[in-house]
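*Asks:* My structure is below; once you've seen it, I'll send some questions.
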Amino acid sequence: MPHVQVDGIAIAYNESGAGDPVVFVHGAFIADAFRPLIDQPRLSESYRLITYHRRGYGSSGRVEGPTSCERQAADCQAVLRALRIARAHVVGHSFGGSIALQLAFQAPGVVGSLVLLEPALFVGESSAAYRDSLLRSAQTYRQRGAAIVMEDFFQARWPAYSRAELEQVLPGSFEQALADAGTALEVDIGLVDWEFGPEHARRIAPPTLVVLGGGSEALHPRFGETYRSLLEWLPHAEGLVIPDATHFFQLERAEIAFRMADTLAEFFAKHPLPR
C-alpha cells in the first residue's frame with residue numbers, strides 16, 4: 001500500500017475505481033472491514049473508492065498512547081489532500097463513524113455527504129456504561145492480553161461471530177486484528193474523551209445517512225439511542241434500519257454487503273459532489 005506522511009506517521013491507503021470519491025473510515029480492530037463492501041460492483045464500477053489504515057493499524061505506522069478524535073479526523077483529511085481530493089463522500093463505521101462526524105465538524109468543506117454506520121457516540125442513558133465498558137476492556141487487555149478482549153468485543157457486537165466465520169469473509173484478518181489489538185485498546189481509547197452533542201451536530205450541513213442494524217439495539221441500548229439522537233440532531237439526516245444485521249453489517253452476510261452497496265450508491269447519486 002502507498003503511504004502518506006501525516007504528523008510524522010505513515011498512513012497507508014488504497015484507491016480504486018473512478019468517479020466521485022468515497023473515503024471509508026474503519027472502526028476498531030479490523031482495518032480492512034470495508035473490503036466486502038467496496039468489492040461490490042455497484043460501488044467499484046461507479047466511484048473512486050479510498051480506504052486507509054488508521055494510525056497504528058495494518059500497514060500504517062505504529063503509535064503510542066491515546067489519540068484524539070480530532071487528530072484521527074485530521075489524518076483522514078490529510079489522505080484526501082495527498083490524493084488531491086477537495087471533497088468526498090465519507091463513510092464511517094463505529095469509531096470510524098465518530099471520526100467521520102468530527103471530520104464534517106472540523107473541515108466542513110471536505111465532506112460532500114456522510115454515511116454513519118452505528119458510530120460510537122456517548123449519548124443518552126447508556127453513555128456512562130458504554131464508556132466504562134471500553135475503559136474496562138483496556139484494563140483487561142493490560143492484565144490478560146489481547147485475545148480475550150478481542151473475542152469478547154466481536155461476540156458482543158456480532159452474535160454469529162466465530163474466528164472461522166471472520167476468516168472466511170476476510171482471510172488473514174483475525175491475526176491482523178490480534179496484531180492491531182493494542183492500537184484498538186491503547187490508541188483508539190482516546191476517543192472516550194471525545195465530546196459530541198446536539199450543538200455540534202447542528203453545525204454539520206452535509207446530507208447524512210444514519211444506519212442501524214435491526215438486531216443491534218437488542219445487543220446494547222446505545223445503538224438505538226445513538227441512531228435516534230443523530231436523526232433528531234443532524235439538520236439533513238435520514239435513517240435506515242437494516243433488519244437482519246447487527247454491528248458488523250457487511251462482514252456478517254454477503255447479501256447484506258450487496259444491499260448496502262446498492263443503498264450507498266443510490267444515496268451518493270442523490271447527492272453528487274460539485275464539479
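So you can find residues: chains in the C-alpha cells are A, B, ... in the order shown, residues in each start at 1, and ligands are numbered from 1 in order.
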What's around stretch 44-61 of chain A at 6 Å? Count only C-alpha atoms, leave out sequence neighbours fewer than 5 positions away in its own chain, and write the answer as a list in words.

*Replies:*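 Residues near the query, excluding close chain neighbours: Ile9, Ala10, Ile11, Ala12, Tyr13, Asn14, Glu15, Ser16, Gly17, Ala18, Gly19, Asp20, Pro21, Val22, Val23, Phe24, Ala31, Asp180 and Thr183 of chain A.
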
*Asks:* Looking only at helix (DSSP H, G or I) from DSSP on the backbone, list the matching residues of stretch 164-257 of chain A as a ChimeraX atom specification.

*Replies:* /A:164-169,173-179,181-193,198-201,216-219,221-233,249-251,254-257

*Asks:* Mind checking which residues fall within 12 Å of A:Ala88, counting only C-alpha atoms, ignoring those fewer than 5 positions away in the same chain, and posting them as a PyMOL selection string?

*Replies:* chain A and resi 19-24+47-50+76-77+79-81+83+100+103-104+107-115+206+268+271-275

*Asks:* In Å to one decimal, how far is atom CA of A:Ile38 from atom CA of A:Ala254?

*Replies:* 12.1 Å

*Asks:* Which residues of stretch 36-79 of chain A have any atom within 10 Å of an atom in stretch 94-98 of chain A when counting only C-alpha atoms, and what is the closest pair of atoms for each, with the distance in Å to one decimal? Order the rows by chain and rising number and write it as JSON lines.

*Replies:*
{"residue": "A:Arg54", "atom": "CA", "partner": "A:Gly96", "partner_atom": "CA", "distance": 9.1}
{"residue": "A:Cys69", "atom": "CA", "partner": "A:Ser98", "partner_atom": "CA", "distance": 7.4}
{"residue": "A:Glu70", "atom": "CA", "partner": "A:Ser98", "partner_atom": "CA", "distance": 9.8}
{"residue": "A:Gln72", "atom": "CA", "partner": "A:Gly96", "partner_atom": "CA", "distance": 9.0}
{"residue": "A:Ala73", "atom": "CA", "partner": "A:Ser98", "partner_atom": "CA", "distance": 8.9}

*Asks:* Take the residues from that selection and put them in a file with N, CA and C atoms, as a JSON list (two decimals), in the first residue's frame.

*Replies:*
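So the final result, stored in again-v5.json, reads:
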[["chain", "number", "residue", "atom", "x", "y", "z"],
["A", 54, "ARG", "N", -6.06, 3.36, 9.64],
["A", 54, "ARG", "CA", -5.87, 4.42, 10.62],
["A", 54, "ARG", "C", -4.55, 4.23, 11.37],
["A", 69, "CYS", "N", -9.96, 12.10, 18.71],
["A", 69, "CYS", "CA", -10.80, 12.02, 17.52],
["A", 69, "CYS", "C", -10.44, 13.12, 16.54],
["A", 70, "GLU", "N", -10.08, 14.28, 17.06],
["A", 70, "GLU", "CA", -9.69, 15.40, 16.20],
["A", 70, "GLU", "C", -8.45, 15.06, 15.38],
["A", 72, "GLN", "N", -7.41, 12.03, 14.58],
["A", 72, "GLN", "CA", -7.77, 10.99, 13.62],
["A", 72, "GLN", "C", -8.53, 11.57, 12.43],
["A", 73, "ALA", "N", -9.39, 12.56, 12.68],
["A", 73, "ALA", "CA", -10.09, 13.21, 11.57],
["A", 73, "ALA", "C", -9.10, 13.97, 10.68]]

*Asks:* Going by DSSP on the backbone, which residues of stretch 15-203 of chain A come out as strand (DSSP E)? List them as a PyMOL selection string.

*Replies:* chain A and resi 15-16+21-25+48-52+88-93+111-117

*Asks:* Can you write just those residues out, C-alpha atoms, as a compact mmCIF listing (two decimals), in the first residue's frame?

*Replies:*
# COMPACT_ATOMS: atom_id res chain seq x y z
CA GLU A 15 -7.69 3.60 -4.04
CA SER A 16 -9.55 2.01 -6.92
CA PRO A 21 -14.51 9.94 -4.48
CA VAL A 22 -15.71 7.97 -1.44
CA VAL A 23 -13.47 7.54 1.60
CA PHE A 24 -14.14 4.80 4.15
CA VAL A 25 -13.08 5.16 7.80
CA ARG A 48 -13.37 6.29 -6.79
CA LEU A 49 -13.04 4.30 -3.57
CA ILE A 50 -10.43 5.20 -0.96
CA THR A 51 -9.66 3.11 2.10
CA TYR A 52 -6.85 3.67 4.57
CA ALA A 88 -15.60 13.37 -0.89
CA HIS A 89 -18.45 11.22 0.29
CA VAL A 90 -17.40 9.91 3.71
CA VAL A 91 -18.46 6.55 5.19
CA GLY A 92 -17.57 5.73 8.79
CA HIS A 93 -18.24 2.66 10.88
CA VAL A 111 -17.41 16.27 3.33
CA GLY A 112 -19.93 16.17 0.49
CA SER A 113 -22.16 13.58 2.13
CA LEU A 114 -21.92 11.41 5.20
CA VAL A 115 -22.83 7.78 5.91
CA LEU A 116 -22.71 6.73 9.56
CA LEU A 117 -22.79 3.02 10.35

*Asks:* Any idea what's packed within 10 Å of stretch 150-162 of chain A, counting only C-alpha atoms, ignoring anything in its chain fewer than 4 positions away? Could you give it as a VMD selection string?

*Replies:* chain A and resid 28 to 29 134 137 141 145 to 146 166 to 168 174 177 to 178 181 184 to 185 215 to 216 219 to 220 245 to 249 251 to 252

*Asks:* Kindly give the distance, in Å, that separates atom CA of A:Ala269 and atom CA of A:Leu43, rounded to a single decimal.

*Replies:*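 Between atom CA of A:Ala269 and atom CA of A:Leu43 the gap works out to 11.0 Å.
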
*Asks:* In terms of the shortest atom-to-atom distance over only C-alpha atoms, which of A:Ala179, A:Ala33, A:Leu240, A:Leu230 is closest to A:Leu101?

*Replies:* A:Leu230

*Asks:* Name the closest residue to A:Gly239 among the candidates A:Val211, A:Ala86, A:Ala218, A:Leu264; distances are taken between atoms, counting only C-alpha atoms.

*Replies:*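 When distances to A:Gly239 are compared using only C-alpha atoms, the smallest one comes from A:Val211.
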
*Asks:* For A:Ile242, find every residue with an atom within 7 Å (counting only C-alpha atoms), except residues of its own chain fewer than 3 positions away, and show them as a list in words.

*Replies:*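 Returned residues: Leu212, Gly213, Gly214 and Ala245 of chain A.
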
*Asks:* Find the residue from A:Pro66, A:Tyr130, A:Arg84, A:Ala147 that sits nearest to A:Gln176; use only C-alpha atoms when measuring.

*Replies:* A:Ala147
